[in-house]
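Coordinates from data_25.cif are shown below (mmCIF, C-alpha atoms and all ligand atoms).
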```cif
data_protein
#
loop_
_atom_site.label_atom_id
_atom_site.label_comp_id
_atom_site.auth_asym_id
_atom_site.auth_seq_id
_atom_site.Cartn_x
_atom_site.Cartn_y
_atom_site.Cartn_z
CA MET Y 70 47.97 -5.75 86.50
CA GLU Y 71 46.04 -3.50 88.85
CA SER Y 72 48.19 -1.38 91.17
CA ALA Y 73 47.61 -1.68 94.88
CA HIS Y 74 48.35 1.96 95.42
CA THR Y 75 47.92 5.16 93.45
CA LEU Y 76 49.99 8.30 93.94
CA TYR Y 77 47.78 11.22 93.00
CA ILE Y 78 49.40 14.33 91.60
CA GLY Y 79 48.29 17.82 90.67
CA LEU Y 80 50.24 19.88 88.15
CA LEU Y 81 50.73 23.62 88.46
CA GLY Y 82 51.44 24.33 84.78
CA LEU Y 83 50.78 22.38 81.61
CA GLY Y 84 53.32 23.93 79.23
CA THR Y 85 56.48 22.29 77.88
CA VAL Y 86 57.40 20.46 81.08
CA GLY Y 87 53.87 19.70 82.30
CA ARG Y 88 52.96 18.22 78.91
CA GLY Y 89 56.11 16.08 78.99
CA VAL Y 90 55.17 14.78 82.44
CA VAL Y 91 51.66 13.79 81.32
CA ARG Y 92 52.95 12.12 78.15
CA SER Y 93 55.79 10.26 79.87
CA LEU Y 94 53.62 9.03 82.74
CA GLU Y 95 51.37 7.51 80.10
CA SER Y 96 54.10 6.12 77.83
CA ASN Y 97 55.99 4.55 80.78
CA ARG Y 98 52.99 3.61 82.91
CA ARG Y 99 53.71 -0.12 82.87
CA GLN Y 100 57.39 0.40 83.70
CA ILE Y 101 56.45 2.52 86.72
CA GLU Y 102 53.82 0.05 87.90
CA SER Y 103 56.06 -2.97 87.56
CA ARG Y 104 58.93 -1.22 89.37
CA THR Y 105 56.90 0.12 92.28
CA GLY Y 106 53.61 -1.72 92.43
CA SER Y 107 52.07 1.75 92.39
CA SER Y 108 50.58 3.87 89.69
CA ILE Y 109 50.86 7.63 89.32
CA LYS Y 110 47.72 9.46 88.27
CA VAL Y 111 47.27 13.11 87.32
CA LEU Y 112 44.08 14.49 88.86
CA GLY Y 113 44.31 18.07 87.66
CA ALA Y 114 46.41 20.74 86.00
CA LEU Y 115 46.45 24.47 86.62
CA VAL Y 116 46.86 26.73 83.57
CA ARG Y 117 46.31 30.39 82.76
CA HIS Y 118 44.23 29.80 79.64
CA VAL Y 119 41.88 26.82 79.91
CA GLU Y 120 40.79 27.03 76.27
CA LYS Y 121 44.32 27.02 74.82
CA PRO Y 122 44.92 24.06 72.44
CA ARG Y 123 47.50 21.76 74.06
CA ASN Y 124 48.14 18.95 71.58
CA LEU Y 125 47.63 16.59 74.50
CA ASP Y 126 44.92 14.22 75.67
CA THR Y 127 43.59 15.94 78.80
CA SER Y 128 40.39 13.89 79.05
CA ALA Y 129 41.57 11.94 82.12
CA PHE Y 130 42.04 14.97 84.39
CA THR Y 131 40.70 18.43 85.15
CA VAL Y 132 42.28 21.44 83.47
CA THR Y 133 41.52 24.53 85.51
CA ASP Y 134 42.51 28.14 86.05
CA ASP Y 135 41.59 27.93 89.73
CA PRO Y 136 44.67 27.00 91.81
CA GLN Y 137 42.53 25.90 94.76
CA THR Y 138 41.16 23.04 92.64
CA ILE Y 139 44.63 21.50 92.97
CA LEU Y 140 45.81 22.91 96.28
CA VAL Y 141 42.86 21.92 98.45
CA ASP Y 142 42.02 18.59 96.81
CA PRO Y 143 42.50 16.13 99.70
CA ARG Y 144 43.25 13.26 97.33
CA ILE Y 145 46.36 14.93 95.88
CA ASP Y 146 49.59 13.59 97.43
CA VAL Y 147 52.10 15.56 95.35
CA VAL Y 148 51.93 19.03 93.81
CA VAL Y 149 54.21 19.34 90.78
CA GLU Y 150 55.09 22.99 90.19
CA VAL Y 151 56.05 23.49 86.55
CA MET Y 152 54.62 26.95 85.94
CA GLY Y 153 57.73 29.02 86.71
CA GLY Y 154 58.19 32.54 88.08
CA MET Y 155 58.41 33.72 91.68
CA GLU Y 156 54.80 34.56 92.45
CA PRO Y 157 52.28 33.04 92.61
CA ALA Y 158 54.46 29.88 92.40
CA LYS Y 159 55.99 30.47 95.84
CA SER Y 160 52.64 30.99 97.56
CA TYR Y 161 51.18 27.90 95.90
CA ILE Y 162 54.15 25.77 96.98
CA ARG Y 163 53.87 27.09 100.53
CA GLN Y 164 50.16 26.27 100.61
CA ALA Y 165 50.84 22.76 99.29
CA LEU Y 166 53.54 22.13 101.92
CA LEU Y 167 51.34 23.53 104.69
CA SER Y 168 48.66 21.04 103.56
CA ARG Y 169 51.28 18.30 103.94
CA LYS Y 170 51.53 17.61 100.24
CA HIS Y 171 54.91 16.68 98.81
CA VAL Y 172 56.19 19.18 96.24
CA VAL Y 173 58.24 18.52 93.11
CA THR Y 174 59.44 21.64 91.33
CA ALA Y 175 61.54 22.60 88.30
CA ASN Y 176 61.73 26.24 89.38
CA LYS Y 177 65.42 27.12 89.74
CA GLU Y 178 64.97 30.84 90.35
CA LEU Y 179 62.56 30.21 93.21
CA LEU Y 180 64.83 27.56 94.73
CA ALA Y 181 67.99 29.62 94.37
CA ARG Y 182 66.31 32.57 96.10
CA HIS Y 183 63.94 30.90 98.59
CA GLY Y 184 65.03 27.27 98.73
CA ASP Y 185 66.08 27.53 102.39
CA GLU Y 186 62.70 28.83 103.50
CA LEU Y 187 60.74 26.29 101.45
CA GLY Y 188 63.05 23.42 102.40
CA GLU Y 189 62.71 24.22 106.09
CA LEU Y 190 58.94 24.39 105.75
CA ALA Y 191 58.92 20.99 104.03
CA ASP Y 192 61.08 19.56 106.84
CA ARG Y 193 58.74 20.96 109.49
CA GLN Y 194 55.72 19.53 107.69
CA GLY Y 195 57.36 16.12 107.26
CA VAL Y 196 57.02 16.13 103.47
CA ARG Y 197 59.47 16.12 100.58
CA LEU Y 198 60.55 19.10 98.48
CA LEU Y 199 62.26 17.61 95.42
CA PHE Y 200 63.86 19.58 92.60
CA GLU Y 201 65.89 17.35 90.29
CA ALA Y 202 64.48 19.10 87.21
CA SER Y 203 65.71 22.50 88.38
CA VAL Y 204 69.36 21.84 87.42
CA ALA Y 205 70.68 20.52 84.10
CA GLY Y 206 67.41 19.11 82.76
CA GLY Y 207 67.57 15.32 82.51
CA ILE Y 208 70.97 14.90 84.23
CA PRO Y 209 70.37 13.48 87.73
CA VAL Y 210 73.04 15.70 89.27
CA VAL Y 211 71.00 16.93 92.25
CA ARG Y 212 70.47 13.39 93.53
CA MET Y 213 74.12 12.61 92.77
CA VAL Y 214 75.30 15.39 95.08
CA GLN Y 215 72.64 14.77 97.75
CA GLN Y 216 72.84 11.00 97.96
CA TYR Y 217 75.94 9.57 96.30
CA LEU Y 218 78.73 11.97 97.26
CA THR Y 219 78.05 12.47 100.93
CA ALA Y 220 81.33 10.98 102.19
CA ASN Y 221 83.28 13.13 99.73
CA ARG Y 222 84.28 16.74 100.11
CA ILE Y 223 83.35 18.44 96.84
CA THR Y 224 85.85 21.13 95.95
CA SER Y 225 84.63 22.34 92.59
CA ILE Y 226 81.76 22.31 90.12
CA ARG Y 227 82.22 23.23 86.49
CA GLY Y 228 79.71 22.90 83.76
CA ILE Y 229 77.41 23.96 80.98
CA LEU Y 230 74.15 24.62 82.79
CA ASN Y 231 71.94 26.27 80.19
CA GLY Y 232 70.61 24.36 77.20
CA THR Y 233 69.36 27.44 75.36
CA CYS Y 234 72.77 29.14 75.39
CA ASN Y 235 74.58 25.99 74.40
CA TYR Y 236 72.13 25.47 71.56
CA ILE Y 237 72.55 29.07 70.36
CA LEU Y 238 76.36 28.95 70.48
CA THR Y 239 76.45 25.59 68.66
CA LYS Y 240 74.05 26.75 65.94
CA MET Y 241 76.02 29.96 65.41
CA GLU Y 242 79.22 27.92 65.21
CA GLU Y 243 78.11 24.96 63.10
CA ASP Y 244 75.25 26.28 60.97
CA GLY Y 245 76.15 29.97 60.73
CA LEU Y 246 72.82 31.00 62.28
CA SER Y 247 72.46 34.50 63.68
CA PHE Y 248 72.03 34.88 67.45
CA ALA Y 249 68.43 36.02 66.94
CA ASP Y 250 67.48 33.09 64.69
CA ALA Y 251 69.11 30.55 66.99
CA LEU Y 252 67.30 32.00 70.01
CA GLN Y 253 64.00 31.89 68.12
CA ASN Y 254 64.59 28.19 67.35
CA ALA Y 255 65.39 27.49 71.02
CA GLN Y 256 62.12 29.13 72.01
CA ARG Y 257 60.18 27.13 69.42
CA LEU Y 258 61.74 23.91 70.73
CA GLY Y 259 60.64 24.72 74.29
CA TYR Y 260 64.17 25.18 75.66
CA ALA Y 261 64.04 28.86 76.61
CA GLU Y 262 62.55 30.48 79.70
CA ALA Y 263 59.34 32.50 79.42
CA ASP Y 264 61.68 35.52 79.48
CA PRO Y 265 64.70 34.34 77.46
CA GLN Y 266 66.82 37.15 78.90
CA SER Y 267 67.16 34.83 81.87
CA ASP Y 268 68.93 32.32 79.64
CA VAL Y 269 71.08 34.56 77.48
CA GLU Y 270 72.14 36.96 80.24
CA GLY Y 271 73.34 34.04 82.39
CA TYR Y 272 70.78 34.38 85.21
CA ASP Y 273 69.41 30.87 84.68
CA SER Y 274 72.92 29.37 84.88
CA SER Y 275 73.57 31.43 88.03
CA TYR Y 276 70.47 30.01 89.75
CA LYS Y 277 71.52 26.46 88.89
CA LEU Y 278 75.10 27.06 90.00
CA ALA Y 279 73.89 28.50 93.33
CA ILE Y 280 71.62 25.48 93.90
CA LEU Y 281 74.49 23.08 93.27
CA ALA Y 282 76.95 25.10 95.36
CA ASN Y 283 74.54 25.23 98.29
CA MET Y 284 74.22 21.46 98.23
CA ALA Y 285 77.90 20.77 97.67
CA PHE Y 286 79.69 23.25 99.95
CA PRO Y 287 79.27 24.03 103.65
CA ILE Y 288 79.02 27.81 103.07
CA LYS Y 289 75.85 29.53 101.88
CA SER Y 290 76.03 30.81 98.30
CA PRO Y 291 73.43 33.47 97.49
CA VAL Y 292 72.66 34.10 93.82
CA SER Y 293 73.99 37.62 94.29
CA ALA Y 294 77.46 36.15 94.91
CA VAL Y 295 77.67 34.81 91.35
CA GLN Y 296 79.83 36.94 89.04
CA ARG Y 297 77.65 36.74 85.95
CA GLN Y 298 78.00 37.49 82.28
CA GLY Y 299 75.75 36.19 79.50
CA ILE Y 300 76.28 35.51 75.80
CA THR Y 301 74.47 38.51 74.33
CA ARG Y 302 77.71 40.24 73.44
CA ILE Y 303 79.11 37.23 71.57
CA SER Y 304 79.13 38.16 67.88
CA GLU Y 305 79.28 35.92 64.84
CA GLN Y 306 82.80 37.30 64.37
CA ASP Y 307 83.77 36.13 67.88
CA ILE Y 308 82.62 32.62 66.97
CA ARG Y 309 84.72 32.66 63.76
CA THR Y 310 87.76 33.98 65.61
CA ALA Y 311 87.42 31.20 68.20
CA GLN Y 312 87.16 28.63 65.42
CA SER Y 313 90.26 29.97 63.70
CA LYS Y 314 92.18 29.37 66.96
CA GLY Y 315 90.87 25.78 67.21
CA CYS Y 316 88.53 26.80 70.04
CA VAL Y 317 84.83 27.05 70.78
CA ILE Y 318 82.88 29.44 73.00
CA ARG Y 319 80.69 27.97 75.74
CA LEU Y 320 78.78 29.56 78.63
CA ILE Y 321 80.43 28.00 81.67
CA GLY Y 322 79.39 27.99 85.31
CA GLU Y 323 82.19 27.46 87.83
CA ALA Y 324 82.08 27.15 91.59
CA ALA Y 325 85.11 26.44 93.77
CA TYR Y 326 85.45 26.03 97.52
CA ASP Y 327 88.91 26.42 99.05
CA GLY Y 328 87.95 25.58 102.62
CA LEU Y 329 87.34 29.23 103.46
CA GLN Y 330 85.22 30.74 100.76
CA VAL Y 331 83.22 29.91 97.66
CA ASN Y 332 83.93 31.54 94.33
CA LEU Y 333 81.07 31.52 91.81
CA GLN Y 334 81.27 32.59 88.18
CA VAL Y 335 79.12 32.30 85.07
CA GLY Y 336 80.42 33.58 81.77
CA PRO Y 337 81.41 32.79 78.20
CA ARG Y 338 84.75 31.00 77.99
CA LEU Y 339 87.06 30.21 75.10
CA LEU Y 340 87.67 26.46 75.28
CA PRO Y 341 90.27 24.53 73.30
CA ARG Y 342 88.73 21.63 71.41
CA GLU Y 343 90.45 19.14 73.76
CA ASP Y 344 88.45 20.47 76.72
CA ALA Y 345 85.77 17.92 77.65
CA LEU Y 346 83.14 20.68 77.67
CA ALA Y 347 84.06 21.87 74.14
CA GLY Y 348 82.46 18.75 72.66
CA VAL Y 349 79.14 19.36 74.46
CA ARG Y 350 76.84 20.52 71.67
CA ASP Y 351 73.28 21.54 70.98
CA VAL Y 352 70.91 21.50 73.98
CA PHE Y 353 73.21 19.25 76.00
CA ASN Y 354 74.51 20.23 79.44
CA ALA Y 355 77.51 18.85 81.29
CA VAL Y 356 78.57 18.99 84.92
CA THR Y 357 81.99 18.04 86.26
CA LEU Y 358 82.22 17.58 90.02
CA THR Y 359 85.62 17.34 91.68
CA ALA Y 360 85.68 15.64 95.05
CA ASP Y 361 88.50 14.57 97.33
CA VAL Y 362 87.91 10.82 97.41
CA VAL Y 363 86.37 10.02 94.04
CA GLY Y 364 88.22 12.62 91.93
CA ASP Y 365 86.47 13.99 88.84
CA LEU Y 366 83.00 12.89 87.76
CA THR Y 367 81.41 14.25 84.58
CA PHE Y 368 77.75 13.92 83.63
CA ILE Y 369 76.43 14.83 80.19
CA GLY Y 370 72.82 14.88 79.01
CA ARG Y 371 70.05 16.98 77.56
CA GLY Y 372 69.69 20.12 79.65
CA ALA Y 373 66.27 21.36 78.50
CA GLY Y 374 63.19 20.34 76.60
CA GLU Y 375 59.97 18.46 77.20
CA LEU Y 376 61.13 14.88 77.73
CA PRO Y 377 64.50 15.26 79.50
CA THR Y 378 62.91 17.60 82.02
CA ALA Y 379 59.90 15.33 82.42
CA SER Y 380 62.33 12.50 83.17
CA ALA Y 381 63.75 14.43 86.13
CA VAL Y 382 60.26 15.31 87.42
CA ILE Y 383 59.06 11.72 87.19
CA GLU Y 384 62.18 10.37 88.90
CA ASP Y 385 61.31 12.73 91.77
CA LEU Y 386 57.82 11.21 91.86
CA MET Y 387 59.44 7.79 92.07
CA GLU Y 388 61.50 9.14 94.97
CA VAL Y 389 58.27 10.18 96.71
CA LEU Y 390 57.08 6.60 96.28
CA ARG Y 391 60.27 5.49 98.06
CA THR Y 392 59.55 7.83 100.99
CA PRO Y 393 58.52 5.66 103.92
CA SER Y 394 54.81 5.90 104.47
CA PRO Y 395 52.37 3.42 105.93
CA TYR Y 396 50.21 4.14 102.91
CA TRP Y 397 52.48 2.88 100.20
CA ASN Y 398 55.51 1.18 101.72
CA ALA Y 399 54.20 -0.87 104.57
CA PRO Y 400 53.30 -3.14 102.96
CA LEU Y 401 53.79 -2.02 99.36
CA ARG Y 402 50.50 -3.45 98.17
CA SER Y 403 48.37 -2.32 101.08
CA PHE Y 404 44.71 -2.44 100.07
CA GLY Y 405 43.66 0.00 102.76
CA ALA Y 406 45.75 2.82 101.41
CA SER Y 407 44.36 2.78 97.90
CA GLU Y 408 40.85 2.34 99.26
CA ALA Y 409 41.24 5.43 101.42
CA ASN Y 410 42.64 7.45 98.56
CA ASP Y 411 40.11 6.22 96.04
CA LYS Y 412 37.34 7.43 98.30
CA GLY Y 413 38.94 10.83 98.45
CA VAL Y 414 39.55 10.53 102.19
CA LYS Y 415 42.20 12.91 103.46
CA ARG Y 416 44.81 10.70 105.03
CA ASP Y 417 45.52 11.31 108.65
CA PRO Y 418 49.24 12.00 109.00
CA GLY Y 419 49.36 10.14 112.31
CA ALA Y 420 52.34 9.45 114.50
CA ALA Y 421 53.42 6.31 112.63
CA TYR Y 422 53.79 8.33 109.45
CA PHE Y 423 56.30 10.67 111.03
CA ASP Y 424 58.03 7.97 113.05
CA ASN Y 425 58.90 6.26 109.78
CA MET Y 426 59.82 9.40 107.91
CA VAL Y 427 63.31 9.70 106.54
CA ALA Y 428 64.39 13.32 106.99
CA PRO Y 429 63.90 15.02 103.62
CA ALA Y 430 67.07 16.31 102.06
CA TRP Y 431 67.16 19.95 101.16
CA LEU Y 432 70.67 21.30 101.29
CA ARG Y 433 72.17 18.21 102.80
CA SER Y 434 71.82 14.52 102.23
P1 LIG Y 501 55.78 27.03 79.86
O1 LIG Y 501 55.84 26.19 78.65
O2 LIG Y 501 55.73 28.51 79.69
O3 LIG Y 501 54.52 26.54 80.72
C1 LIG Y 501 54.09 27.22 81.86
C2 LIG Y 501 52.73 26.68 82.24
O4 LIG Y 501 52.31 27.27 83.46
C3 LIG Y 501 51.63 26.99 81.21
O5 LIG Y 501 50.74 25.89 81.14
C4 LIG Y 501 50.92 28.20 81.82
O6 LIG Y 501 49.54 28.24 81.47
C5 LIG Y 501 51.06 27.92 83.30
N1 LIG Y 501 51.12 29.14 84.10
C6 LIG Y 501 52.11 30.05 84.14
N2 LIG Y 501 51.82 31.02 85.02
C7 LIG Y 501 50.61 30.72 85.55
C8 LIG Y 501 49.77 31.33 86.49
N3 LIG Y 501 50.09 32.48 87.09
N4 LIG Y 501 48.60 30.73 86.81
C9 LIG Y 501 48.24 29.57 86.21
N5 LIG Y 501 49.01 28.93 85.30
C10 LIG Y 501 50.18 29.50 84.97
O7 LIG Y 501 57.01 26.74 80.83
P2 LIG Y 501 57.94 25.44 80.87
O8 LIG Y 501 58.99 25.55 79.82
O9 LIG Y 501 57.09 24.24 80.92
O10 LIG Y 501 58.71 25.68 82.26
C11 LIG Y 501 58.03 25.52 83.48
C12 LIG Y 501 59.05 25.57 84.62
O11 LIG Y 501 60.02 24.54 84.44
C13 LIG Y 501 59.85 26.87 84.74
O12 LIG Y 501 60.16 27.09 86.10
C14 LIG Y 501 61.13 26.55 83.99
O13 LIG Y 501 62.21 27.34 84.40
C15 LIG Y 501 61.32 25.11 84.39
N6 LIG Y 501 62.12 24.29 83.48
C16 LIG Y 501 61.87 24.30 82.16
C17 LIG Y 501 62.60 23.49 81.32
C18 LIG Y 501 62.37 23.47 79.84
O14 LIG Y 501 63.16 22.84 79.14
N7 LIG Y 501 61.33 24.09 79.33
C19 LIG Y 501 63.63 22.68 81.85
C20 LIG Y 501 63.86 22.70 83.23
C21 LIG Y 501 63.10 23.50 84.03
P3 LIG Y 501 49.07 28.47 79.91
O15 LIG Y 501 49.51 27.22 79.19
O16 LIG Y 501 47.59 28.59 79.97
O17 LIG Y 501 49.77 29.69 79.45
N1 LIG Y 502 65.83 27.51 79.85
C1 LIG Y 502 66.53 26.46 80.50
C2 LIG Y 502 67.71 26.06 79.65
C3 LIG Y 502 65.61 25.29 80.71
O1 LIG Y 502 67.72 26.41 78.47
O2 LIG Y 502 68.62 25.42 80.15
C4 LIG Y 502 66.25 24.18 81.52
O3 LIG Y 502 66.47 24.58 82.84
#
```
Let me see the file written as structure tokens.
Amino acid sequence: MESAHTLYIGLLGLGTVGRGVVRSLESNRRQIESRTGSSIKVLGALVRHVEKPRNLDTSAFTVTDDPQTILVDPRIDVVVEVMGGMEPAKSYIRQALLSRKHVVTANKELLARHGDELGELADRQGVRLLFEASVAGGIPVVRMVQQYLTANRITSIRGILNGTCNYILTKMEEDGLSFADALQNAQRLGYAEADPQSDVEGYDSSYKLAILANMAFPIKSPVSAVQRQGITRISEQDIRTAQSKGCVIRLIGEAAYDGLQVNLQVGPRLLPREDALAGVRDVFNAVTLTADVVGDLTFIGRGAGELPTASAVIEDLMEVLRTPSPYWNAPLRSFGASEANDKGVKRDPGAAYFDNMVAPAWLRS
């Protein structure tokens, strides 16, 4: 079946997550096409080292070290930022939004620190800024808070938000690995940040907690408000002592809103085995949301790694396809849209486009 419409994307980054996106778009191509009537095609990927072996078929798109190849290409509808870091990622995202390209990002530090600014820019430009992959890997918790709990008042968030730390603690506990060996394995498996201090010192969990808190509660939660402690001081002896008490140690993020203020904490906690989070092992994450109407909701899934993170990125691309646009929703199989895109014509974001636009959700639904 030939798709009536193609969503063209450009990747900023072709490491663990970028590779997962390319592979999953290919492996699930028919599923995406049959669900949406559209196909998603990668046109280019930005990397630092073009010659680096990637264990990936890159023959269908351009691999470049020139960001402008992606950012000024008029055919590209969505820029997927999976390179990480603050700069140049922030400048590239700004340029993409200013060019009226939708942006999908997995960059939690950037969002926790500058999400307001980037979200407001996206709103002004009438495009989407989507970030499901930035929190808890494959668990669709961002969309859950933004779209499915909007009539509820969320009062607390508690969870395991870092796959690397959970993997390290589990391996120390179950396999007797040293901290250093377990961290090395997590890096090899693609779970850890480029600078793993971000994981093990609790910064990464703090960014994710701040993103969730800013969506869930009516008061702004800067990252600096998180009381943070990592797992670097947890010794093998601490793990054994916990076990002897029938407990496990987990790095827990907790945010609570009492109607006046928000309290945010990240730190190692001793959990009795009966605690729902004690059974969350390996690279898995878990998030429990407490809300006034629904009560407790707990989500568990893989929190890091190539495919779970790619799943979140691709679901954001599907969300872009659901964004009202005369080019792909009205009607779904419009011939004109794909013809315009195939010819590389920059679409004219005319009045009808914005009239139909659903307001993008940044910190609200
Ligand atoms: P990664 O494996 O280190 O890949 C980063 C990619 O970006 C590489 O292809 C690198 O190029 C490219 N890159 C980095 N800086 C660049 C620059 N200045 N100019 C051009 N290209 C640049 O990282 P990752 O694990 O995929 O993570 C990417 C992002 O996703 C980060 O924000 C991370 O926090 C987030 N994330 C990761 C996971 C995970 O499980 N890994 C999960 C959720 C979110 P080269 O290949 O040439 O070096
Ligand atoms: N380094 C992060 C983690 C990647 O281990 O959870 C997913 O955000």
Excluding same-chain residues fewer than 2 positions from segment 95-101 of chain Y, what lies within 12 Å of it counting all atoms listed in the file, as an NGL selection string?
:Y and (70-72 or 74-76 or 88-93 or 103-111 or 125-127 or 129 or 376 or 379-380 or 383-384 or 386-388 or 390)
For a test of reading the model, state the distance in Å between atom CA of Lys177 of chain Y and atom CA of Ile318 of chain Y, rounded to one decimal.
24.3 Å
Interatomic distance, atom CA of Gly232 of chain Y to atom CA of Leu339 of chain Y (Å, one decimal):
17.6 Å
Give me the residues within 10 Å of Arg117 of chain Y as a PyMOL selection string, counting all atoms listed in the file and dropping any in the same chain fewer than 3 places off.
chain Y and resi 81-83+120-121+132-136+152
Could you turn the residues from that selection into a file that holds C-alpha atoms, as an mmCIF file, in the coordinates of the input?
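Below is the file that was written, result-v4.cif:
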```cif
data_model
loop_
_atom_site.group_PDB
_atom_site.id
_atom_site.type_symbol
_atom_site.label_atom_id
_atom_site.label_comp_id
_atom_site.auth_asym_id
_atom_site.auth_seq_id
_atom_site.Cartn_x
_atom_site.Cartn_y
_atom_site.Cartn_z
ATOM 1 C CA LEU Y 81 50.730 23.620 88.460
ATOM 2 C CA GLY Y 82 51.440 24.330 84.780
ATOM 3 C CA LEU Y 83 50.780 22.380 81.610
ATOM 4 C CA GLU Y 120 40.790 27.030 76.270
ATOM 5 C CA LYS Y 121 44.320 27.020 74.820
ATOM 6 C CA VAL Y 132 42.280 21.440 83.470
ATOM 7 C CA THR Y 133 41.520 24.530 85.510
ATOM 8 C CA ASP Y 134 42.510 28.140 86.050
ATOM 9 C CA ASP Y 135 41.590 27.930 89.730
ATOM 10 C CA PRO Y 136 44.670 27.000 91.810
ATOM 11 C CA MET Y 152 54.620 26.950 85.940
#
```
Using 7 Å as the limit and counting only C-alpha atoms and all ligand atoms, can you tabulate each residue of chain Y that touches ligand LIG 501 (chain Y), with its shortest atom-to-atom distance in Å and the two atoms involved, as CSV?
```
residue,atom,partner,partner_atom,distance
Y:Leu81,CA,Y:LIG501,O4,6.4
Y:Gly82,CA,Y:LIG501,O4,3.3
Y:Leu83,CA,Y:LIG501,O5,3.5
Y:Gly84,CA,Y:LIG501,O3,3.2
Y:Thr85,CA,Y:LIG501,O9,3.7
Y:Val86,CA,Y:LIG501,O9,3.8
Y:Gly87,CA,Y:LIG501,O9,5.7
Y:Leu115,CA,Y:LIG501,N5,5.3
Y:Val116,CA,Y:LIG501,N5,3.5
Y:Arg117,CA,Y:LIG501,O16,3.6
Y:His118,CA,Y:LIG501,O16,3.6
Y:Val119,CA,Y:LIG501,O16,6.0
Y:Lys121,CA,Y:LIG501,O16,6.3
Y:Asp134,CA,Y:LIG501,C9,5.9
Y:Val151,CA,Y:LIG501,C12,4.1
Y:Met152,CA,Y:LIG501,O4,3.4
Y:Gly153,CA,Y:LIG501,O12,3.2
Y:Gly154,CA,Y:LIG501,O12,6.1
Y:Pro157,CA,Y:LIG501,N3,6.0
Y:Ala175,CA,Y:LIG501,O11,4.6
Y:Asn176,CA,Y:LIG501,O12,3.7
Y:Lys177,CA,Y:LIG501,O13,6.2
Y:Ala202,CA,Y:LIG501,C20,5.4
Y:Ser203,CA,Y:LIG501,C21,5.2
Y:Val204,CA,Y:LIG501,C20,7.0
Y:Gly206,CA,Y:LIG501,C20,5.1
Y:Gly259,CA,Y:LIG501,N7,5.1
Y:Tyr260,CA,Y:LIG501,O14,4.3
Y:Ala261,CA,Y:LIG501,N7,6.1
Y:Glu262,CA,Y:LIG501,O13,5.7
Y:Ala263,CA,Y:LIG501,O2,5.4
Y:Gly372,CA,Y:LIG501,C19,6.9
Y:Ala373,CA,Y:LIG501,O14,3.5
Y:Gly374,CA,Y:LIG501,O14,3.6
Y:Glu375,CA,Y:LIG501,O14,5.8
Y:Thr378,CA,Y:LIG501,C19,5.1
```
Residues of the last selection are to be written out with C-alpha atoms, as a PDB file, in the coordinates of the input.
```pdb
ATOM      1  CA  LEU Y  81      50.730  23.620  88.460  1.00  0.00           C
ATOM      2  CA  GLY Y  82      51.440  24.330  84.780  1.00  0.00           C
ATOM      3  CA  LEU Y  83      50.780  22.380  81.610  1.00  0.00           C
ATOM      4  CA  GLY Y  84      53.320  23.930  79.230  1.00  0.00           C
ATOM      5  CA  THR Y  85      56.480  22.290  77.880  1.00  0.00           C
ATOM      6  CA  VAL Y  86      57.400  20.460  81.080  1.00  0.00           C
ATOM      7  CA  GLY Y  87      53.870  19.700  82.300  1.00  0.00           C
ATOM      8  CA  LEU Y 115      46.450  24.470  86.620  1.00  0.00           C
ATOM      9  CA  VAL Y 116      46.860  26.730  83.570  1.00  0.00           C
ATOM     10  CA  ARG Y 117      46.310  30.390  82.760  1.00  0.00           C
ATOM     11  CA  HIS Y 118      44.230  29.800  79.640  1.00  0.00           C
ATOM     12  CA  VAL Y 119      41.880  26.820  79.910  1.00  0.00           C
ATOM     13  CA  LYS Y 121      44.320  27.020  74.820  1.00  0.00           C
ATOM     14  CA  ASP Y 134      42.510  28.140  86.050  1.00  0.00           C
ATOM     15  CA  VAL Y 151      56.050  23.490  86.550  1.00  0.00           C
ATOM     16  CA  MET Y 152      54.620  26.950  85.940  1.00  0.00           C
ATOM     17  CA  GLY Y 153      57.730  29.020  86.710  1.00  0.00           C
ATOM     18  CA  GLY Y 154      58.190  32.540  88.080  1.00  0.00           C
ATOM     19  CA  PRO Y 157      52.280  33.040  92.610  1.00  0.00           C
ATOM     20  CA  ALA Y 175      61.540  22.600  88.300  1.00  0.00           C
ATOM     21  CA  ASN Y 176      61.730  26.240  89.380  1.00  0.00           C
ATOM     22  CA  LYS Y 177      65.420  27.120  89.740  1.00  0.00           C
ATOM     23  CA  ALA Y 202      64.480  19.100  87.210  1.00  0.00           C
ATOM     24  CA  SER Y 203      65.710  22.500  88.380  1.00  0.00           C
ATOM     25  CA  VAL Y 204      69.360  21.840  87.420  1.00  0.00           C
ATOM     26  CA  GLY Y 206      67.410  19.110  82.760  1.00  0.00           C
ATOM     27  CA  GLY Y 259      60.640  24.720  74.290  1.00  0.00           C
ATOM     28  CA  TYR Y 260      64.170  25.180  75.660  1.00  0.00           C
ATOM     29  CA  ALA Y 261      64.040  28.860  76.610  1.00  0.00           C
ATOM     30  CA  GLU Y 262      62.550  30.480  79.700  1.00  0.00           C
ATOM     31  CA  ALA Y 263      59.340  32.500  79.420  1.00  0.00           C
ATOM     32  CA  GLY Y 372      69.690  20.120  79.650  1.00  0.00           C
ATOM     33  CA  ALA Y 373      66.270  21.360  78.500  1.00  0.00           C
ATOM     34  CA  GLY Y 374      63.190  20.340  76.600  1.00  0.00           C
ATOM     35  CA  GLU Y 375      59.970  18.460  77.200  1.00  0.00           C
ATOM     36  CA  THR Y 378      62.910  17.600  82.020  1.00  0.00           C
TER      37      THR Y 378
END
```
Could you give me the axis-aligned bounding box of ligand LIG 502 (chain Y), with 5 Å of padding per side, as centre plus edge lengths in Å to one decimal, as lines of an AutoDock Vina configuration file?
```
center_x = 67.1
center_y = 25.8
center_z = 80.7
size_x = 13.0
size_y = 13.3
size_z = 14.4
```
